[in-house]
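Source file: upload32.txt; contents: compact mmCIF, C-alpha atoms.
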```
# COMPACT_ATOMS: atom_id res chain seq x y z
CA MET A 289 22.75 16.30 -15.71
CA LEU A 290 22.32 18.88 -18.48
CA THR A 291 24.60 21.87 -18.86
CA ILE A 292 22.72 24.84 -20.29
CA GLN A 293 24.36 27.78 -22.05
CA SER A 294 21.90 30.67 -22.25
CA THR A 295 22.04 34.45 -22.73
CA GLY A 296 19.16 34.97 -20.28
CA GLN A 297 16.73 33.38 -17.86
CA TYR A 298 15.37 30.05 -19.06
CA THR A 299 12.62 27.65 -18.04
CA VAL A 300 12.59 23.86 -17.94
CA SER A 301 9.54 21.72 -18.66
CA VAL A 302 8.90 17.98 -18.72
CA SER A 303 5.52 16.45 -19.53
CA SER A 304 5.97 12.91 -18.19
CA ASP A 305 6.09 11.72 -14.59
CA TRP A 306 9.02 9.32 -15.13
CA ILE A 307 11.44 12.19 -15.80
CA VAL A 308 11.72 14.25 -12.63
CA HIS A 309 13.36 17.67 -12.71
CA LYS A 310 15.35 18.00 -9.49
CA GLY A 311 16.35 21.62 -10.14
CA SER A 312 19.67 23.43 -10.48
CA SER A 313 22.54 21.79 -8.65
CA GLU A 314 24.82 24.67 -9.66
CA LYS A 315 24.77 27.54 -12.14
CA ASN A 316 23.59 26.48 -15.62
CA LYS A 317 23.39 22.81 -14.61
CA GLU A 318 20.02 21.06 -14.40
CA LEU A 319 19.63 17.71 -12.65
CA PHE A 320 17.03 15.13 -13.71
CA PHE A 321 16.06 11.81 -12.17
CA ILE A 322 14.89 9.07 -14.57
CA LYS A 323 12.64 6.53 -12.86
CA ALA A 324 13.21 2.83 -13.43
CA ASN A 325 11.07 1.30 -16.14
CA TYR A 326 9.08 -1.89 -15.48
CA SER A 327 6.88 -1.87 -18.57
CA GLU A 328 7.20 -0.96 -22.28
CA ALA A 329 9.79 1.26 -23.94
CA ARG A 330 9.00 4.96 -23.65
CA ILE A 331 10.15 8.31 -24.96
CA ASP A 332 9.73 11.91 -23.82
CA THR A 333 11.28 15.33 -24.24
CA ILE A 334 12.86 17.88 -21.91
CA VAL A 335 12.24 21.41 -23.21
CA ILE A 336 14.42 24.43 -22.33
CA MET A 337 12.91 27.83 -23.20
CA CYS A 338 14.57 31.28 -23.23
CA GLY A 339 12.36 33.92 -24.79
CA ASP A 340 11.44 32.68 -28.25
CA ALA A 341 14.36 30.26 -28.39
CA SER A 342 14.06 26.63 -27.30
CA ALA A 343 16.12 23.47 -27.07
CA GLN A 344 14.74 19.96 -26.86
CA PHE A 345 16.41 16.91 -25.34
CA VAL A 346 14.84 13.57 -26.26
CA VAL A 347 15.02 10.86 -23.60
CA LYS A 348 14.48 7.26 -24.73
CA GLN A 349 14.19 4.36 -22.30
CA GLU A 350 14.11 0.70 -23.27
CA SER A 351 11.53 -1.69 -21.84
CA GLY A 352 12.42 -3.05 -18.43
CA LEU A 353 10.17 -6.03 -17.91
CA ILE A 354 10.95 -7.89 -14.69
CA ALA A 355 11.39 -11.63 -14.98
CA ASP A 356 8.65 -13.88 -13.59
CA LEU A 357 9.04 -13.55 -9.83
CA GLY A 358 5.79 -15.16 -8.75
CA VAL A 359 3.95 -11.83 -8.85
CA GLU A 360 2.97 -11.74 -12.52
CA ARG A 361 -0.79 -11.42 -12.27
CA THR A 362 -2.41 -8.01 -12.56
CA ALA A 363 -4.73 -6.76 -9.82
CA LYS A 364 -7.79 -7.75 -11.84
CA ALA A 365 -6.44 -11.23 -12.57
CA LEU A 366 -5.48 -11.75 -8.94
CA ALA A 367 -8.89 -10.58 -7.70
CA SER A 368 -10.51 -13.23 -9.88
CA LYS A 369 -8.59 -15.90 -7.93
CA ILE A 370 -10.00 -14.79 -4.57
CA TYR A 371 -13.49 -16.27 -4.29
CA ALA A 372 -14.17 -16.45 -0.52
CA GLY A 373 -12.48 -14.34 2.11
CA VAL A 374 -12.71 -13.94 5.86
CA ASN A 375 -11.57 -11.12 8.12
CA ILE A 376 -9.46 -11.46 11.27
CA GLY A 377 -10.70 -8.35 13.01
CA ASN A 378 -9.92 -6.75 16.37
CA VAL A 379 -7.48 -9.53 17.26
CA VAL A 380 -3.94 -8.80 16.02
CA GLU A 381 -3.67 -5.74 18.22
CA GLU A 382 -2.01 -4.40 21.36
CA ASP A 383 -2.78 -7.23 23.81
CA PHE A 384 -2.37 -10.07 21.31
CA LEU A 385 1.36 -10.64 21.63
CA GLU A 386 1.76 -12.25 25.04
CA GLY A 387 -0.92 -14.90 24.64
CA ALA A 388 0.13 -15.72 21.10
CA THR A 389 3.78 -16.29 21.92
CA ALA A 390 3.02 -19.26 24.16
CA GLU A 391 3.71 -22.68 22.67
CA ASP A 392 0.02 -23.62 22.57
CA GLY A 393 -0.80 -20.19 21.10
CA ASN A 394 0.75 -21.17 17.78
CA THR A 395 -1.11 -24.49 17.81
CA ILE A 396 -4.43 -22.74 18.37
CA TRP A 397 -3.76 -20.33 15.55
CA GLU A 398 -2.71 -23.06 13.14
CA LYS A 399 -5.88 -25.03 13.89
CA TYR A 400 -7.93 -21.88 13.31
CA ILE A 401 -6.25 -21.13 9.97
CA LEU A 402 -6.62 -24.74 8.84
CA GLY A 403 -10.27 -24.59 9.89
CA LEU A 404 -10.79 -21.55 7.65
CA ARG A 405 -9.15 -23.32 4.74
CA ASP A 406 -11.20 -26.49 5.27
CA ALA A 407 -14.38 -24.41 5.47
CA GLY A 408 -13.68 -23.19 1.93
CA PHE A 409 -12.07 -19.80 2.43
CA ASN A 410 -9.10 -18.99 0.22
CA ALA A 411 -8.25 -15.51 1.53
CA VAL A 412 -7.70 -14.08 5.02
CA ARG A 413 -7.56 -10.34 5.74
CA ILE A 414 -5.43 -9.48 8.76
CA GLN A 415 -6.30 -6.23 10.53
CA CYS A 416 -3.04 -5.48 12.27
CA ALA A 417 -2.11 -2.75 14.77
CA TRP A 418 1.44 -1.47 14.55
CA SER A 419 1.60 1.80 16.53
CA SER A 420 1.08 0.00 19.83
CA HIS A 421 4.26 -1.97 19.09
CA ILE A 422 6.59 0.88 18.15
CA GLU A 423 9.56 0.81 20.50
CA ASP A 424 11.01 4.18 19.48
CA MET A 425 8.58 6.96 18.53
CA SER A 426 11.40 9.17 17.26
CA THR A 427 12.24 6.64 14.55
CA TYR A 428 8.97 4.65 14.44
CA LYS A 429 10.92 1.42 14.87
CA ILE A 430 8.58 -1.55 15.29
CA GLU A 431 9.40 -4.19 17.90
CA SER A 432 11.15 -7.14 16.26
CA LYS A 433 9.09 -9.68 18.22
CA TRP A 434 5.88 -8.11 16.89
CA LEU A 435 7.11 -8.18 13.30
CA LEU A 436 7.98 -11.86 13.72
CA LYS A 437 4.67 -12.72 15.37
CA VAL A 438 2.67 -11.15 12.55
CA GLN A 439 4.91 -12.96 10.06
CA GLU A 440 4.05 -16.29 11.70
CA ILE A 441 0.36 -15.67 11.08
CA VAL A 442 0.99 -14.60 7.48
CA ASP A 443 3.07 -17.74 6.93
CA MET A 444 0.31 -19.97 8.31
CA ILE A 445 -2.07 -18.49 5.75
CA VAL A 446 0.11 -18.52 2.63
CA ASP A 447 1.75 -21.87 3.48
CA ASN A 448 -1.72 -23.39 3.49
CA GLY A 449 -2.46 -22.13 0.00
CA MET A 450 -4.56 -19.08 0.89
CA TYR A 451 -4.12 -15.40 0.12
CA ALA A 452 -3.15 -13.10 3.00
CA ILE A 453 -4.13 -9.42 2.96
CA LEU A 454 -2.15 -7.49 5.57
CA ASN A 455 -3.01 -3.92 6.47
CA ILE A 456 -2.37 -1.15 8.99
CA TYR A 457 -5.27 -0.96 11.42
CA GLU A 458 -4.73 2.39 13.11
CA GLY A 459 -8.04 4.24 13.09
CA ASP A 460 -7.29 6.90 15.65
CA GLU A 461 -3.69 7.22 14.54
CA ASP A 462 -3.81 7.87 10.82
CA GLU A 463 -7.00 7.25 8.90
CA ASP A 464 -9.08 9.38 11.30
CA ASN A 465 -6.61 12.21 10.72
CA CYS A 466 -6.87 12.94 7.01
CA THR A 467 -6.34 16.64 7.66
CA ALA A 468 -3.78 19.13 6.39
CA ASP A 469 -2.25 19.68 9.85
CA LYS A 470 -1.41 15.95 10.14
CA ILE A 471 -0.19 15.28 6.62
CA GLU A 472 3.55 15.74 7.17
CA GLU A 473 3.68 13.79 10.44
CA ASN A 474 1.57 10.91 9.18
CA ASN A 475 3.38 10.61 5.85
CA GLN A 476 6.72 10.29 7.62
CA LYS A 477 5.27 7.70 9.97
CA LEU A 478 3.63 5.72 7.16
CA LYS A 479 6.78 5.74 5.07
CA THR A 480 8.88 4.39 7.94
CA ILE A 481 6.37 1.79 9.09
CA TRP A 482 5.60 0.50 5.61
CA THR A 483 9.29 0.30 4.74
CA GLN A 484 9.81 -2.01 7.72
CA ILE A 485 6.75 -4.14 6.96
CA ALA A 486 7.44 -4.40 3.23
CA ASP A 487 11.07 -5.32 3.82
CA MET A 488 9.90 -8.38 5.80
CA TYR A 489 7.83 -9.65 2.88
CA LYS A 490 9.71 -8.63 -0.26
CA SER A 491 10.51 -12.27 -1.10
CA TYR A 492 6.87 -13.46 -0.80
CA ASP A 493 4.91 -14.28 -3.94
CA GLU A 494 1.47 -13.02 -4.99
CA LYS A 495 -0.27 -14.89 -2.16
CA LEU A 496 0.49 -11.84 -0.02
CA LEU A 497 -1.24 -8.53 -0.65
CA LEU A 498 -0.43 -5.38 1.33
CA ALA A 499 -3.16 -2.83 2.09
CA CYS A 500 -2.49 0.80 2.97
CA CYS A 501 -4.98 1.29 5.78
CA HIS A 502 -8.38 0.19 7.08
CA GLU A 503 -11.37 2.55 6.92
CA PRO A 504 -10.17 6.10 6.14
CA LYS A 505 -12.66 8.67 7.44
CA VAL A 506 -12.82 10.83 4.32
CA SER A 507 -15.90 12.51 2.87
CA THR A 508 -14.61 15.69 1.16
CA GLN A 509 -12.21 16.56 -1.64
CA ASP A 510 -9.80 18.22 0.82
CA GLU A 511 -9.72 15.10 3.01
CA MET A 512 -9.32 12.93 -0.10
CA ALA A 513 -6.25 14.94 -1.09
CA VAL A 514 -4.65 14.07 2.25
CA LEU A 515 -5.63 10.40 1.96
CA ALA A 516 -4.20 10.38 -1.57
CA SER A 517 -0.85 11.56 -0.20
CA TYR A 518 -0.92 8.77 2.41
CA GLU A 519 -1.64 6.16 -0.24
CA GLN A 520 1.07 7.53 -2.51
CA THR A 521 3.54 7.30 0.37
CA PHE A 522 2.46 3.68 0.92
CA VAL A 523 2.92 2.71 -2.74
CA ASP A 524 6.31 4.44 -3.01
CA ALA A 525 7.61 2.93 0.26
CA VAL A 526 6.64 -0.64 -0.69
CA ARG A 527 8.00 -0.37 -4.24
CA ALA A 528 11.30 1.04 -2.94
CA THR A 529 12.05 -2.24 -1.10
CA ARG A 530 12.25 -3.92 -4.55
CA GLU A 531 12.45 -7.71 -5.18
CA ARG A 532 8.88 -9.03 -5.50
CA ASN A 533 7.50 -5.84 -3.97
CA ALA A 534 8.43 -4.13 -7.23
CA LYS A 535 5.42 -5.84 -8.84
CA ARG A 536 3.26 -6.94 -5.92
CA VAL A 537 -0.44 -6.08 -6.04
CA LEU A 538 -1.13 -3.33 -3.51
CA VAL A 539 -4.50 -2.46 -2.01
CA VAL A 540 -5.65 1.13 -1.53
CA PRO A 541 -8.92 1.59 0.41
CA GLY A 542 -11.39 4.12 -0.89
CA PRO A 543 -12.67 7.03 1.21
CA MET A 544 -14.92 5.68 3.99
CA THR A 545 -14.40 2.37 2.13
CA ASP A 546 -17.80 3.30 0.71
CA ILE A 547 -18.60 2.47 -2.91
CA GLN A 548 -20.39 5.71 -3.79
CA THR A 549 -17.93 7.98 -1.96
CA THR A 550 -15.02 6.16 -3.61
CA ASP A 551 -16.60 6.56 -7.03
CA MET A 552 -17.08 10.30 -6.46
CA LEU A 553 -13.78 11.23 -4.83
CA MET A 554 -11.01 8.72 -5.41
CA ASN A 555 -8.11 8.78 -7.86
CA LEU A 556 -5.52 6.01 -7.81
CA PRO A 557 -1.97 6.76 -6.67
CA THR A 558 0.79 6.93 -9.27
CA ASP A 559 2.53 3.58 -9.66
CA GLU A 560 5.68 2.72 -11.61
CA ILE A 561 4.17 -0.55 -12.77
CA LYS A 562 0.88 -0.89 -14.59
CA ASP A 563 -2.27 -2.64 -13.32
CA ARG A 564 -0.98 -3.63 -9.87
CA LEU A 565 -3.28 -1.50 -7.69
CA MET A 566 -6.52 -2.83 -6.19
CA VAL A 567 -9.20 -0.61 -4.63
CA GLU A 568 -10.87 -1.81 -1.44
CA VAL A 569 -14.46 -0.94 -0.57
CA GLN A 570 -16.82 -2.42 2.02
CA PHE A 571 -20.51 -3.01 1.50
CA PHE A 572 -22.93 -3.81 4.33
CA SER A 573 -26.32 -3.58 2.68
CA PRO A 574 -28.83 -4.69 3.61
CA TYR A 575 -27.71 -4.21 7.20
CA SER A 576 -30.20 -6.79 8.43
CA PHE A 577 -28.40 -9.42 6.35
CA CYS A 578 -24.79 -8.33 6.81
CA ALA A 579 -24.35 -7.01 10.32
CA MET A 580 -27.24 -7.81 12.68
CA THR A 581 -26.45 -10.40 15.32
CA GLN A 582 -30.06 -11.25 16.22
CA ASP A 583 -33.59 -10.97 14.82
CA GLU A 584 -35.17 -7.54 14.99
CA ASP A 585 -38.81 -6.68 14.29
CA ASP A 586 -37.96 -3.89 11.86
CA ALA A 587 -35.70 -6.20 9.84
CA LYS A 588 -38.26 -8.89 9.13
CA VAL A 589 -39.67 -9.29 5.63
```
Same coordinates, now as structure tokens:
Amino acid sequence: MLTIQSTGQYTVSVSSDWIVHKGSSEKNKELFFIKANYSEARIDTIVIMCGDASAQFVVKQESGLIADLGVERTAKALASKIYAGVNIGNVVEEDFLEGATAEDGNTIWEKYILGLRDAGFNAVRIQCAWSSHIEDMSTYKIESKWLLKVQEIVDMIVDNGMYAILNIYEGDEDEDNCTADKIEENNQKLKTIWTQIADMYKSYDEKLLLACCHEPKVSTQDEMAVLASYEQTFVDAVRATRERNAKRVLVVPGPMTDIQTTDMLMNLPTDEIKDRLMVEVQFFSPYSFCAMTQDEDDAKV
């Protein structure tokens, strides 16, 4: 809190993003929020201007390196450890719960995960639906049994030495609605859902990566601005749960998860810790190699 004595109207300016001006709490008192520091020491200045007169307040913050918590690798270093991944798609969704809670359901899943590991995969991406398991739409509270079931699958992966990438797979809910009229509703929903998910996994080490969404349908700058707000909400919500989530590598899909569109439109969210964001893109070219399920005359070479 700064108390300002001035003979007239004054302005306040701050150039950094780690000093946040919260405004006037009462007359001549200005409130500032200083974000926690998880990297090197830093310094910046708050400037108060009244006409030609100015006052400067220098803010110095010591380095705040977090001790080794099992999440020390940067996004680039962690990516280099993932050499063969496989996707669990269209499975961990609305109708998955009942069959998977049976005693033999866990056995089947464990055999499947072990089979992936033995086949040489060291990463498993879990496309997971959450909206179909919200028990209270006014608070976006996720069913406890669903949170626990998803956690069982994550545990099978990381306990067997593989990386797990867990996302929100809600095409029609969020990522198909990157529009200005949906931004407030979806940001509130994403913040609440990701806070619950991240809280479950804040003690996990770097074997777990969290990914904001799946395939955001974004092809314009205006849509990208909305997606950027969603991804910022995701990053802020996960970081706020602290512990290992304070440094965990987080995955932010590019627009359309398309390489060229991502290169043209995307900017990374702001993060309080350096080099812990990973961009996700998907590449299916040539289609005849990546996605066809049978021989076609026009695909033959």
Would you give me, as a Markdown table, each residue of region 527-564 of chain A having an atom within 10 Å of an atom of region 332-354 of chain A, along with its shortest atom pair and that distance in Å to one decimal, using only C-alpha atoms and sorting by chain and residue number?
```
| residue | atom | partner | partner_atom | distance |
| --- | --- | --- | --- | --- |
| A:Glu531 | CA | A:Ile354 | CA | 9.6 |
| A:Arg532 | CA | A:Ile354 | CA | 9.5 |
| A:Ala534 | CA | A:Ile354 | CA | 8.7 |
| A:Lys535 | CA | A:Ile354 | CA | 8.3 |
| A:Ile561 | CA | A:Leu353 | CA | 9.6 |
```
_Using all atoms listed in the file, can you tell me which of A:Asn375, A:Ser327, A:Asn455, A:Ser368 comes closest to Leu498 (chain A)?_
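Counting all atoms listed in the file, the residue closest to Leu498 (chain A) is A:Asn455.
Note that the spacing between CA of Ser294 (chain A) and CA of Val308 (chain A) amounts to 21.6 Å.
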Across A:Ala324, A:Ile401, A:Ile453, A:Ala367, the smallest distance to His502 (chain A), with only C-alpha atoms counted, is shown by A:Ile453
What separates CA of Met289 (chain A) and CA of Glu318 (chain A) is a distance of 5.6 Å
For Arg530 (chain A), the closest of A:Val359, A:Ala468, A:Ala486, A:Met566 counting only C-alpha atoms is A:Ala486
Among listed residues A:Asn475, A:Ser420, A:Thr550, A:Asn533, nearest Val514 (chain A) (using only C-alpha atoms) =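 Comparing A:Asn475, A:Ser420, A:Thr550, A:Asn533 against Val514 (chain A), the winner is A:Asn475.
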- [ ] Give the answer as one residue: which of A:Arg361, A:Lys470, A:Lys369, A:Lys479 has the shortest atom-to-atom distance to Arg536 (chain A), using only C-alpha atoms?
- [x]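 Among the listed residues, the smallest separation from Arg536 (chain A) belongs to A:Arg361.
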Residues of region 340-380 of chain A that approach region 435-449 of chain A to 12 Å or less, counting all atoms listed in the file: could you list each one with the shortest pair of atoms and its distance in Å to one decimal, rows by chain and increasing residue number, as JSON lines?
```
{"residue": "A:Lys369", "atom": "CA", "partner": "A:Gly449", "partner_atom": "CA", "distance": 11.8}
{"residue": "A:Ile370", "atom": "CA", "partner": "A:Gly449", "partner_atom": "CA", "distance": 11.5}
{"residue": "A:Gly373", "atom": "CA", "partner": "A:Ile445", "partner_atom": "CA", "distance": 11.8}
{"residue": "A:Val374", "atom": "CA", "partner": "A:Ile445", "partner_atom": "CA", "distance": 11.6}
{"residue": "A:Ile376", "atom": "CA", "partner": "A:Ile441", "partner_atom": "CA", "distance": 10.7}
{"residue": "A:Val379", "atom": "CA", "partner": "A:Val438", "partner_atom": "CA", "distance": 11.3}
{"residue": "A:Val380", "atom": "CA", "partner": "A:Val438", "partner_atom": "CA", "distance": 7.8}
```
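Here CA of Ile414 (chain A) is placed at a distance of 22.5 Å from CA of Cys466 (chain A).
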Pick out the closest residue to Val540 (chain A) from this set: A:Ala513, A:Leu404, A:Leu565, A:Met580. Count all atoms listed in the file.
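Answer, going by the shortest atom-to-atom distance: A:Leu565.
Residues lying within 12 Å of Gly377 (chain A), counting only C-alpha atoms and ignoring same-chain neighbours fewer than 6 positions away, are Phe384, Val412, Arg413, Ile414, Gln415, Cys416, Ala417, Leu454, Asn455, Ile456, Tyr457 and His502 of chain A.
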**OP:** Please provide the set of residues having any atom within 7 Å of Lys495 (chain A), restricted to all atoms listed in the file, with same-chain residues fewer than 5 positions apart removed, written as a list in words.
**Re:**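 That gives Val446, Met450, Tyr451 and Ala452 of chain A.
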- prompt: Any idea what's packed within 12 Å of Pro557 (chain A), counting all atoms listed in the file, ignoring anything in its chain fewer than 3 positions away? Could you give it as a PyMOL selection string?
  reply: chain A and resi 500+512-524+538-542+554+560-567
**Message:** Is it possible to get the residues within 12 Å of (10.6, -6.2, 6.1) (coordinates as in the file, counting all atoms listed in the file) written as a PyMOL selection string?
**Reply:** chain A and resi 429-430+432+434-436+438-439+480-492+525-526+528-531+533
Selection from above, C-alpha atoms, as a JSON list (two decimals), keeping the file's coordinate frame, can you write it?
```
[["chain", "number", "residue", "atom", "x", "y", "z"],
["A", 429, "LYS", "CA", 10.92, 1.42, 14.87],
["A", 430, "ILE", "CA", 8.58, -1.55, 15.29],
["A", 432, "SER", "CA", 11.15, -7.14, 16.26],
["A", 434, "TRP", "CA", 5.88, -8.11, 16.89],
["A", 435, "LEU", "CA", 7.11, -8.18, 13.30],
["A", 436, "LEU", "CA", 7.98, -11.86, 13.72],
["A", 438, "VAL", "CA", 2.67, -11.15, 12.55],
["A", 439, "GLN", "CA", 4.91, -12.96, 10.06],
["A", 480, "THR", "CA", 8.88, 4.39, 7.94],
["A", 481, "ILE", "CA", 6.37, 1.79, 9.09],
["A", 482, "TRP", "CA", 5.60, 0.50, 5.61],
["A", 483, "THR", "CA", 9.29, 0.30, 4.74],
["A", 484, "GLN", "CA", 9.81, -2.01, 7.72],
["A", 485, "ILE", "CA", 6.75, -4.14, 6.96],
["A", 486, "ALA", "CA", 7.44, -4.40, 3.23],
["A", 487, "ASP", "CA", 11.07, -5.32, 3.82],
["A", 488, "MET", "CA", 9.90, -8.38, 5.80],
["A", 489, "TYR", "CA", 7.83, -9.65, 2.88],
["A", 490, "LYS", "CA", 9.71, -8.63, -0.26],
["A", 491, "SER", "CA", 10.51, -12.27, -1.10],
["A", 492, "TYR", "CA", 6.87, -13.46, -0.80],
["A", 525, "ALA", "CA", 7.61, 2.93, 0.26],
["A", 526, "VAL", "CA", 6.64, -0.64, -0.69],
["A", 528, "ALA", "CA", 11.30, 1.04, -2.94],
["A", 529, "THR", "CA", 12.05, -2.24, -1.10],
["A", 530, "ARG", "CA", 12.25, -3.92, -4.55],
["A", 531, "GLU", "CA", 12.45, -7.71, -5.18],
["A", 533, "ASN", "CA", 7.50, -5.84, -3.97]]
```
Using the atoms already present, construct N, CA and C atoms for region 508-523 of chain A and hand them back as a PDB file, in the frame of the given file.
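Printed below is out_36.pdb as written:
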```pdb
ATOM      1  N   THR A 508     -14.716  14.471   1.962  1.00  0.00           N
ATOM      2  CA  THR A 508     -14.610  15.690   1.160  1.00  0.00           C
ATOM      3  C   THR A 508     -13.389  15.625   0.256  1.00  0.00           C
ATOM      4  N   GLN A 509     -13.350  16.518  -0.730  1.00  0.00           N
ATOM      5  CA  GLN A 509     -12.210  16.560  -1.640  1.00  0.00           C
ATOM      6  C   GLN A 509     -10.926  16.910  -0.900  1.00  0.00           C
ATOM      7  N   ASP A 510     -10.996  17.836   0.058  1.00  0.00           N
ATOM      8  CA  ASP A 510      -9.800  18.220   0.820  1.00  0.00           C
ATOM      9  C   ASP A 510      -9.260  17.037   1.618  1.00  0.00           C
ATOM     10  N   GLU A 511     -10.146  16.284   2.254  1.00  0.00           N
ATOM     11  CA  GLU A 511      -9.720  15.100   3.010  1.00  0.00           C
ATOM     12  C   GLU A 511      -9.176  14.036   2.066  1.00  0.00           C
ATOM     13  N   MET A 512      -9.792  13.909   0.889  1.00  0.00           N
ATOM     14  CA  MET A 512      -9.320  12.930  -0.100  1.00  0.00           C
ATOM     15  C   MET A 512      -7.909  13.260  -0.560  1.00  0.00           C
ATOM     16  N   ALA A 513      -7.600  14.547  -0.677  1.00  0.00           N
ATOM     17  CA  ALA A 513      -6.250  14.940  -1.090  1.00  0.00           C
ATOM     18  C   ALA A 513      -5.215  14.481  -0.071  1.00  0.00           C
ATOM     19  N   VAL A 514      -5.568  14.539   1.204  1.00  0.00           N
ATOM     20  CA  VAL A 514      -4.650  14.070   2.250  1.00  0.00           C
ATOM     21  C   VAL A 514      -4.525  12.555   2.194  1.00  0.00           C
ATOM     22  N   LEU A 515      -5.668  11.858   2.079  1.00  0.00           N
ATOM     23  CA  LEU A 515      -5.630  10.400   1.960  1.00  0.00           C
ATOM     24  C   LEU A 515      -4.814   9.980   0.745  1.00  0.00           C
ATOM     25  N   ALA A 516      -4.965  10.697  -0.360  1.00  0.00           N
ATOM     26  CA  ALA A 516      -4.200  10.380  -1.570  1.00  0.00           C
ATOM     27  C   ALA A 516      -2.701  10.462  -1.315  1.00  0.00           C
ATOM     28  N   SER A 517      -2.284  11.443  -0.510  1.00  0.00           N
ATOM     29  CA  SER A 517      -0.850  11.560  -0.200  1.00  0.00           C
ATOM     30  C   SER A 517      -0.397  10.394   0.668  1.00  0.00           C
ATOM     31  N   TYR A 518      -1.264   9.938   1.595  1.00  0.00           N
ATOM     32  CA  TYR A 518      -0.920   8.770   2.410  1.00  0.00           C
ATOM     33  C   TYR A 518      -0.761   7.532   1.537  1.00  0.00           C
ATOM     34  N   GLU A 519      -1.692   7.346   0.605  1.00  0.00           N
ATOM     35  CA  GLU A 519      -1.640   6.160  -0.240  1.00  0.00           C
ATOM     36  C   GLU A 519      -0.479   6.209  -1.221  1.00  0.00           C
ATOM     37  N   GLN A 520      -0.105   7.400  -1.663  1.00  0.00           N
ATOM     38  CA  GLN A 520       1.070   7.530  -2.510  1.00  0.00           C
ATOM     39  C   GLN A 520       2.340   7.187  -1.731  1.00  0.00           C
ATOM     40  N   THR A 521       2.404   7.635  -0.495  1.00  0.00           N
ATOM     41  CA  THR A 521       3.540   7.300   0.370  1.00  0.00           C
ATOM     42  C   THR A 521       3.647   5.800   0.560  1.00  0.00           C
ATOM     43  N   PHE A 522       2.517   5.142   0.768  1.00  0.00           N
ATOM     44  CA  PHE A 522       2.460   3.680   0.920  1.00  0.00           C
ATOM     45  C   PHE A 522       3.001   2.981  -0.323  1.00  0.00           C
ATOM     46  N   VAL A 523       2.494   3.345  -1.484  1.00  0.00           N
ATOM     47  CA  VAL A 523       2.920   2.710  -2.740  1.00  0.00           C
ATOM     48  C   VAL A 523       4.424   2.916  -2.952  1.00  0.00           C
TER      49      VAL A 523
END
```
